[in-house]
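Here is the file entry_24.txt (compact mmCIF, N, CA and C atoms).
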```txt
# COMPACT_ATOMS: atom_id res chain seq x y z
N MET A 1 11.74 -1.84 0.66
CA MET A 1 10.46 -1.19 0.54
C MET A 1 10.51 0.08 1.38
N ALA A 2 10.29 1.21 0.76
CA ALA A 2 10.28 2.47 1.49
C ALA A 2 8.99 2.57 2.29
N GLU A 3 9.10 2.58 3.59
CA GLU A 3 7.93 2.59 4.44
C GLU A 3 7.07 3.83 4.21
N ASN A 4 5.77 3.61 4.20
CA ASN A 4 4.76 4.66 4.11
C ASN A 4 4.77 5.43 2.79
N SER A 5 5.54 5.01 1.80
CA SER A 5 5.45 5.66 0.51
C SER A 5 4.21 5.14 -0.21
N ILE A 6 3.69 5.94 -1.10
CA ILE A 6 2.51 5.57 -1.88
C ILE A 6 2.97 5.20 -3.28
N ILE A 7 2.52 4.04 -3.76
CA ILE A 7 2.86 3.62 -5.12
C ILE A 7 1.57 3.29 -5.87
N LYS A 8 1.70 3.15 -7.20
CA LYS A 8 0.57 2.81 -8.05
C LYS A 8 0.70 1.37 -8.54
N GLY A 9 -0.43 0.69 -8.56
CA GLY A 9 -0.50 -0.66 -9.09
C GLY A 9 -1.74 -0.81 -9.94
N ILE A 10 -1.86 -1.93 -10.60
CA ILE A 10 -3.06 -2.24 -11.37
C ILE A 10 -3.79 -3.34 -10.62
N LEU A 11 -4.98 -3.01 -10.11
CA LEU A 11 -5.80 -3.96 -9.36
C LEU A 11 -6.65 -4.76 -10.33
N ILE A 12 -6.54 -6.08 -10.27
CA ILE A 12 -7.39 -6.98 -11.05
C ILE A 12 -8.52 -7.41 -10.13
N ASN A 13 -9.74 -6.98 -10.45
CA ASN A 13 -10.92 -7.23 -9.63
C ASN A 13 -11.72 -8.36 -10.29
N VAL A 14 -11.64 -9.56 -9.73
CA VAL A 14 -12.29 -10.72 -10.37
C VAL A 14 -13.80 -10.72 -10.16
N LYS A 15 -14.29 -10.16 -9.08
CA LYS A 15 -15.74 -10.14 -8.84
C LYS A 15 -16.45 -9.27 -9.87
N ASP A 16 -15.93 -8.06 -10.11
CA ASP A 16 -16.55 -7.13 -11.05
C ASP A 16 -15.98 -7.27 -12.47
N ARG A 17 -14.98 -8.15 -12.63
CA ARG A 17 -14.34 -8.41 -13.92
C ARG A 17 -13.86 -7.11 -14.58
N LYS A 18 -13.01 -6.41 -13.83
CA LYS A 18 -12.44 -5.17 -14.35
C LYS A 18 -11.07 -4.96 -13.72
N ILE A 19 -10.35 -4.00 -14.26
CA ILE A 19 -9.08 -3.58 -13.66
C ILE A 19 -9.16 -2.09 -13.41
N GLU A 20 -8.33 -1.62 -12.49
CA GLU A 20 -8.23 -0.19 -12.27
C GLU A 20 -6.85 0.13 -11.70
N GLU A 21 -6.37 1.30 -12.05
CA GLU A 21 -5.11 1.76 -11.48
C GLU A 21 -5.42 2.31 -10.10
N VAL A 22 -4.66 1.86 -9.10
CA VAL A 22 -4.91 2.24 -7.72
C VAL A 22 -3.61 2.72 -7.07
N GLU A 23 -3.77 3.53 -6.05
CA GLU A 23 -2.64 3.93 -5.22
C GLU A 23 -2.79 3.24 -3.87
N PHE A 24 -1.67 2.84 -3.29
CA PHE A 24 -1.71 2.19 -1.99
C PHE A 24 -0.39 2.38 -1.29
N GLU A 25 -0.43 2.21 0.03
CA GLU A 25 0.78 2.30 0.83
C GLU A 25 1.69 1.14 0.46
N ASN A 26 2.96 1.43 0.23
CA ASN A 26 3.92 0.41 -0.17
C ASN A 26 4.38 -0.38 1.06
N SER A 27 3.50 -1.24 1.52
CA SER A 27 3.78 -2.09 2.68
C SER A 27 2.87 -3.30 2.57
N LEU A 28 3.19 -4.34 3.34
CA LEU A 28 2.29 -5.50 3.35
C LEU A 28 0.90 -5.10 3.80
N LYS A 29 0.81 -4.24 4.80
CA LYS A 29 -0.50 -3.78 5.27
C LYS A 29 -1.27 -3.12 4.13
N GLY A 30 -0.61 -2.26 3.34
CA GLY A 30 -1.26 -1.61 2.22
C GLY A 30 -1.75 -2.60 1.17
N VAL A 31 -0.93 -3.61 0.90
CA VAL A 31 -1.32 -4.65 -0.06
C VAL A 31 -2.49 -5.46 0.49
N TYR A 32 -2.41 -5.85 1.76
CA TYR A 32 -3.51 -6.61 2.37
C TYR A 32 -4.82 -5.84 2.28
N GLU A 33 -4.77 -4.54 2.56
CA GLU A 33 -5.98 -3.72 2.49
C GLU A 33 -6.52 -3.65 1.07
N LYS A 34 -5.63 -3.50 0.09
CA LYS A 34 -6.07 -3.36 -1.30
C LYS A 34 -6.65 -4.67 -1.83
N LEU A 35 -6.05 -5.80 -1.45
CA LEU A 35 -6.53 -7.10 -1.94
C LEU A 35 -7.62 -7.71 -1.04
N GLY A 36 -7.78 -7.17 0.17
CA GLY A 36 -8.78 -7.72 1.09
C GLY A 36 -8.37 -9.09 1.62
N CYS A 37 -7.10 -9.22 2.02
CA CYS A 37 -6.61 -10.51 2.49
C CYS A 37 -5.54 -10.29 3.56
N ASP A 38 -4.98 -11.39 4.07
CA ASP A 38 -3.90 -11.24 5.05
C ASP A 38 -2.74 -12.21 4.80
N CYS A 39 -2.64 -12.71 3.57
CA CYS A 39 -1.53 -13.57 3.20
C CYS A 39 -1.38 -13.49 1.69
N VAL A 40 -0.19 -13.12 1.21
CA VAL A 40 0.00 -12.95 -0.23
C VAL A 40 1.21 -13.73 -0.73
N THR A 41 1.22 -13.93 -2.01
CA THR A 41 2.38 -14.46 -2.71
C THR A 41 2.49 -13.71 -4.02
N THR A 42 3.61 -13.83 -4.70
CA THR A 42 3.77 -13.15 -5.98
C THR A 42 4.01 -14.16 -7.09
N VAL A 43 3.55 -13.79 -8.27
CA VAL A 43 3.78 -14.59 -9.48
C VAL A 43 4.27 -13.64 -10.56
N PRO A 44 5.06 -14.13 -11.50
CA PRO A 44 5.57 -13.24 -12.55
C PRO A 44 4.45 -12.72 -13.46
N TYR A 45 4.55 -11.47 -13.86
CA TYR A 45 3.69 -10.95 -14.91
C TYR A 45 4.29 -11.45 -16.22
N PRO A 46 3.53 -12.18 -17.03
CA PRO A 46 4.15 -12.91 -18.14
C PRO A 46 4.68 -12.08 -19.30
N PHE A 47 4.38 -10.79 -19.34
CA PHE A 47 4.78 -10.00 -20.50
C PHE A 47 5.85 -8.95 -20.21
N ASP A 48 6.34 -8.91 -18.98
CA ASP A 48 7.36 -7.93 -18.61
C ASP A 48 8.08 -8.43 -17.37
N GLU A 49 9.36 -8.71 -17.50
CA GLU A 49 10.10 -9.33 -16.40
C GLU A 49 10.33 -8.41 -15.21
N LYS A 50 10.04 -7.11 -15.34
CA LYS A 50 10.21 -6.19 -14.20
C LYS A 50 8.89 -5.94 -13.46
N HIS A 51 7.87 -6.75 -13.73
CA HIS A 51 6.58 -6.63 -13.05
C HIS A 51 6.18 -7.99 -12.50
N GLU A 52 5.40 -7.93 -11.43
CA GLU A 52 4.86 -9.16 -10.86
C GLU A 52 3.44 -8.91 -10.40
N ILE A 53 2.73 -10.00 -10.15
CA ILE A 53 1.35 -9.92 -9.69
C ILE A 53 1.32 -10.43 -8.25
N ILE A 54 0.82 -9.60 -7.37
CA ILE A 54 0.64 -10.01 -5.97
C ILE A 54 -0.77 -10.59 -5.88
N VAL A 55 -0.89 -11.81 -5.35
CA VAL A 55 -2.19 -12.47 -5.26
C VAL A 55 -2.45 -12.94 -3.83
N ASP A 56 -3.73 -13.09 -3.51
CA ASP A 56 -4.17 -13.61 -2.22
C ASP A 56 -3.79 -15.09 -2.15
N ASP A 57 -2.89 -15.43 -1.25
CA ASP A 57 -2.39 -16.80 -1.15
C ASP A 57 -3.43 -17.77 -0.62
N GLU A 58 -4.49 -17.27 0.00
CA GLU A 58 -5.52 -18.14 0.58
C GLU A 58 -6.86 -18.04 -0.16
N SER A 59 -6.86 -17.52 -1.37
CA SER A 59 -8.12 -17.29 -2.08
C SER A 59 -8.87 -18.57 -2.42
N LEU A 60 -8.17 -19.68 -2.56
CA LEU A 60 -8.88 -20.94 -2.85
C LEU A 60 -9.68 -21.44 -1.66
N LEU A 61 -9.43 -20.89 -0.47
CA LEU A 61 -10.15 -21.28 0.73
C LEU A 61 -11.42 -20.46 0.93
N LYS A 62 -11.63 -19.46 0.10
CA LYS A 62 -12.77 -18.56 0.24
C LYS A 62 -13.94 -19.04 -0.62
N PRO A 63 -15.17 -18.68 -0.23
CA PRO A 63 -16.35 -19.20 -0.95
C PRO A 63 -16.48 -18.75 -2.41
N LEU A 64 -16.20 -17.50 -2.71
CA LEU A 64 -16.32 -17.02 -4.08
C LEU A 64 -14.99 -17.24 -4.79
N GLN A 65 -15.00 -18.09 -5.79
CA GLN A 65 -13.74 -18.44 -6.45
C GLN A 65 -13.76 -18.06 -7.92
N ASN A 66 -13.59 -16.80 -8.18
CA ASN A 66 -13.40 -16.33 -9.53
C ASN A 66 -11.91 -16.27 -9.81
N PHE A 67 -11.54 -16.46 -11.06
CA PHE A 67 -10.14 -16.55 -11.45
C PHE A 67 -9.81 -15.53 -12.52
N PHE A 68 -8.52 -15.27 -12.70
CA PHE A 68 -8.05 -14.51 -13.84
C PHE A 68 -6.85 -15.24 -14.42
N THR A 69 -6.60 -14.97 -15.70
CA THR A 69 -5.47 -15.59 -16.37
C THR A 69 -5.06 -14.73 -17.55
N PHE A 70 -3.83 -14.91 -17.96
CA PHE A 70 -3.36 -14.31 -19.20
C PHE A 70 -3.20 -15.39 -20.26
N ASN A 71 -3.53 -16.65 -19.91
CA ASN A 71 -3.45 -17.78 -20.82
C ASN A 71 -4.60 -18.74 -20.53
N PRO A 72 -5.80 -18.49 -21.10
CA PRO A 72 -6.96 -19.32 -20.78
C PRO A 72 -6.84 -20.78 -21.21
N GLU A 73 -5.84 -21.10 -21.99
CA GLU A 73 -5.64 -22.49 -22.43
C GLU A 73 -4.95 -23.36 -21.39
N ASP A 74 -4.39 -22.74 -20.35
CA ASP A 74 -3.57 -23.48 -19.39
C ASP A 74 -4.07 -23.24 -17.97
N ILE A 75 -4.70 -24.25 -17.36
CA ILE A 75 -5.24 -24.15 -16.01
C ILE A 75 -4.16 -23.82 -14.98
N GLU A 76 -2.93 -24.22 -15.25
CA GLU A 76 -1.83 -23.96 -14.32
C GLU A 76 -1.46 -22.48 -14.24
N GLU A 77 -1.88 -21.71 -15.22
CA GLU A 77 -1.55 -20.29 -15.24
C GLU A 77 -2.74 -19.41 -14.91
N SER A 78 -3.69 -19.91 -14.14
CA SER A 78 -4.81 -19.09 -13.70
C SER A 78 -4.70 -18.89 -12.20
N TYR A 79 -5.19 -17.74 -11.74
CA TYR A 79 -5.03 -17.36 -10.34
C TYR A 79 -6.39 -17.03 -9.75
N CYS A 80 -6.63 -17.54 -8.56
CA CYS A 80 -7.90 -17.35 -7.87
C CYS A 80 -7.85 -16.03 -7.09
N GLY A 81 -8.93 -15.28 -7.15
CA GLY A 81 -9.03 -14.04 -6.39
C GLY A 81 -8.41 -12.86 -7.12
N ASN A 82 -8.39 -11.73 -6.43
CA ASN A 82 -7.87 -10.50 -7.01
C ASN A 82 -6.36 -10.53 -7.13
N GLY A 83 -5.85 -9.66 -7.97
CA GLY A 83 -4.41 -9.52 -8.14
C GLY A 83 -4.03 -8.05 -8.18
N LEU A 84 -2.78 -7.78 -7.90
CA LEU A 84 -2.26 -6.41 -7.89
C LEU A 84 -0.92 -6.42 -8.62
N ILE A 85 -0.85 -5.76 -9.77
CA ILE A 85 0.37 -5.74 -10.57
C ILE A 85 1.22 -4.55 -10.14
N VAL A 86 2.48 -4.83 -9.82
CA VAL A 86 3.45 -3.80 -9.44
C VAL A 86 4.77 -4.10 -10.15
N SER A 87 5.64 -3.13 -10.11
CA SER A 87 7.00 -3.33 -10.59
C SER A 87 7.89 -3.52 -9.37
N TRP A 88 9.17 -3.75 -9.61
CA TRP A 88 10.13 -3.85 -8.51
C TRP A 88 11.46 -3.30 -8.98
N ASP A 89 12.22 -2.81 -8.00
CA ASP A 89 13.51 -2.21 -8.32
C ASP A 89 14.62 -3.25 -8.27
N ASP A 90 15.84 -2.82 -8.47
CA ASP A 90 16.99 -3.74 -8.50
C ASP A 90 17.22 -4.45 -7.17
N ASP A 91 16.71 -3.89 -6.08
CA ASP A 91 16.84 -4.52 -4.76
C ASP A 91 15.66 -5.43 -4.42
N GLY A 92 14.70 -5.55 -5.36
CA GLY A 92 13.54 -6.40 -5.12
C GLY A 92 12.41 -5.72 -4.39
N ASN A 93 12.48 -4.41 -4.20
CA ASN A 93 11.42 -3.67 -3.52
C ASN A 93 10.32 -3.29 -4.50
N TRP A 94 9.09 -3.36 -4.05
CA TRP A 94 7.97 -2.97 -4.91
C TRP A 94 8.05 -1.49 -5.21
N GLN A 95 7.61 -1.15 -6.42
CA GLN A 95 7.50 0.24 -6.83
C GLN A 95 6.33 0.34 -7.80
N SER A 96 5.98 1.57 -8.17
CA SER A 96 4.85 1.78 -9.08
C SER A 96 5.07 1.06 -10.41
N HIS A 97 3.97 0.56 -10.94
CA HIS A 97 4.01 -0.10 -12.25
C HIS A 97 4.26 0.94 -13.33
N ASN A 98 4.65 0.51 -14.50
CA ASN A 98 4.74 1.42 -15.65
C ASN A 98 4.14 0.77 -16.89
N LEU A 99 3.06 0.03 -16.68
CA LEU A 99 2.36 -0.65 -17.77
C LEU A 99 1.18 0.19 -18.25
N ASN A 100 0.72 -0.10 -19.45
CA ASN A 100 -0.49 0.51 -19.98
C ASN A 100 -1.68 -0.34 -19.52
N PRO A 101 -2.56 0.19 -18.66
CA PRO A 101 -3.69 -0.61 -18.17
C PRO A 101 -4.56 -1.19 -19.27
N GLU A 102 -4.72 -0.45 -20.37
CA GLU A 102 -5.54 -0.97 -21.48
C GLU A 102 -4.90 -2.21 -22.10
N GLU A 103 -3.59 -2.23 -22.18
CA GLU A 103 -2.88 -3.40 -22.71
C GLU A 103 -3.01 -4.59 -21.77
N VAL A 104 -2.95 -4.32 -20.47
CA VAL A 104 -3.15 -5.40 -19.48
C VAL A 104 -4.54 -5.98 -19.64
N LEU A 105 -5.55 -5.13 -19.73
CA LEU A 105 -6.93 -5.60 -19.87
C LEU A 105 -7.12 -6.39 -21.17
N ARG A 106 -6.48 -5.97 -22.22
CA ARG A 106 -6.61 -6.67 -23.51
C ARG A 106 -6.09 -8.11 -23.41
N ARG A 107 -5.07 -8.32 -22.60
CA ARG A 107 -4.45 -9.65 -22.48
C ARG A 107 -5.11 -10.52 -21.42
N LEU A 108 -5.97 -9.95 -20.62
CA LEU A 108 -6.53 -10.61 -19.44
C LEU A 108 -7.85 -11.30 -19.75
N SER A 109 -8.07 -12.46 -19.14
CA SER A 109 -9.36 -13.15 -19.18
C SER A 109 -9.79 -13.45 -17.76
N PHE A 110 -11.09 -13.34 -17.52
CA PHE A 110 -11.68 -13.73 -16.24
C PHE A 110 -12.42 -15.04 -16.46
N LEU A 111 -12.32 -15.95 -15.51
CA LEU A 111 -12.97 -17.24 -15.70
C LEU A 111 -13.38 -17.88 -14.38
N ARG A 112 -14.19 -18.92 -14.51
CA ARG A 112 -14.57 -19.77 -13.38
C ARG A 112 -14.38 -21.20 -13.81
N TYR A 113 -14.16 -22.06 -12.82
CA TYR A 113 -14.03 -23.49 -13.08
C TYR A 113 -15.20 -24.20 -12.42
N TYR A 114 -15.74 -25.20 -13.11
CA TYR A 114 -16.84 -26.01 -12.59
C TYR A 114 -16.47 -27.47 -12.71
N ARG A 115 -16.81 -28.23 -11.68
CA ARG A 115 -16.57 -29.68 -11.69
C ARG A 115 -17.82 -30.35 -12.26
N THR A 116 -17.62 -31.23 -13.24
CA THR A 116 -18.71 -31.99 -13.83
C THR A 116 -18.36 -33.47 -13.73
N SER A 117 -19.26 -34.30 -14.17
CA SER A 117 -18.98 -35.74 -14.16
C SER A 117 -17.87 -36.09 -15.14
N GLU A 118 -17.62 -35.21 -16.09
CA GLU A 118 -16.57 -35.42 -17.08
C GLU A 118 -15.22 -34.86 -16.65
N GLY A 119 -15.20 -34.08 -15.57
CA GLY A 119 -13.96 -33.44 -15.12
C GLY A 119 -14.21 -31.97 -14.81
N VAL A 120 -13.17 -31.19 -14.93
CA VAL A 120 -13.26 -29.75 -14.65
C VAL A 120 -13.41 -28.99 -15.97
N VAL A 121 -14.37 -28.07 -15.98
CA VAL A 121 -14.64 -27.26 -17.16
C VAL A 121 -14.40 -25.81 -16.80
N SER A 122 -13.70 -25.09 -17.65
CA SER A 122 -13.52 -23.65 -17.42
C SER A 122 -14.50 -22.88 -18.28
N VAL A 123 -15.04 -21.81 -17.71
CA VAL A 123 -15.95 -20.93 -18.42
C VAL A 123 -15.32 -19.55 -18.43
N ILE A 124 -15.07 -19.03 -19.60
CA ILE A 124 -14.48 -17.70 -19.71
C ILE A 124 -15.60 -16.67 -19.55
N LEU A 125 -15.45 -15.80 -18.56
CA LEU A 125 -16.46 -14.78 -18.28
C LEU A 125 -16.22 -13.50 -19.07
N LYS A 126 -14.98 -13.21 -19.36
CA LYS A 126 -14.60 -12.08 -20.19
C LYS A 126 -13.32 -12.42 -20.89
N GLU A 127 -13.40 -12.53 -22.20
CA GLU A 127 -12.22 -12.91 -22.98
C GLU A 127 -11.32 -11.72 -23.21
N ASN A 128 -10.10 -12.04 -23.64
CA ASN A 128 -9.18 -11.00 -24.10
C ASN A 128 -9.82 -10.30 -25.29
N PHE A 129 -9.57 -9.02 -25.42
CA PHE A 129 -10.10 -8.27 -26.56
C PHE A 129 -9.21 -8.48 -27.75
```
Could you render the structure from this file as structure tokens?
Amino acid sequence: MAENSIIKGILINVKDRKIEEVEFENSLKGVYEKLGCDCVTTVPYPFDEKHEIIVDDESLLKPLQNFFTFNPEDIEESYCGNGLIVSWDDDGNWQSHNLNPEEVLRRLSFLRYYRTSEGVVSVILKENF
């Protein structure tokens, strides 16, 4: 990771149910500031093997639990809290994404889960277009 360089990512904002292209410092501090957290993990972006989603690793511990997914049929593939999509180079360092934000939004769904007497029910707040 080149210290203090600025890169572009796609921020998935679950509270406002939108995405936006953002610039941030290419460091853990920059990611923490952009996601509003202090512990992250990464998950693969399902449609491009050179991109990943950085997510708040402690988001399930927070009071507001909105989720996003690229596969609303599978609870295992939904993520709590905001996400930040970036690419990575051959050495595994984060770098600017090269995705079309409109295509990302088209594939994305925002949802919430509710516990009922029958089990857990998911409610899609914004479906894929």
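Interatomic distance, atom CA of A:Asn13 to atom N of A:Thr42: 16.7 Å.
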Taking every listed atom of stretch 28-38 of chain A and adding 8 Å to each side, what centre and edge lengths in Å (one decimal) does the axis-aligned box have, as lines of an AutoDock Vina configuration file?
```
center_x = -2.8
center_y = -6.9
center_z = 1.7
size_x = 28.0
size_y = 26.6
size_z = 23.2
```
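Residue nearest A:Leu99 within the list A:Ser87, A:Val40, A:Arg115, A:Glu25: A:Ser87 [criterion: smallest interatomic distance, all atoms listed in the file].
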Check your understanding: Out of stretch 8-118 of chain A, which residues get strand (DSSP E or B) from DSSP, as a PyMOL selection string?
Key -> chain A and resi 8-13+18-25+40-44+51-56+67-69+78-80+83-88+94-95+109-116
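One distance worth recording is that between atom CA of A:Pro46 and atom CA of A:Glu23, which is 22.3 Å.
In this model, the gap between atom CA of A:Tyr79 and atom CA of A:Phe67 comes to 5.3 Å.
Distance annotation: of A:Cys80, A:Leu108, A:Ile85, A:Ile12, the residue with the minimal separation from A:Ile54 is A:Ile85; atom set is all atoms listed in the file.
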**Study point:** Surrounding residues of A:Asp38 excluding itself and chain neighbours under 2 positions, 9 Å, only C-alpha atoms, as a ChimeraX atom specification
**Key:** /A:28-29,31-33,35-36,40,56-58
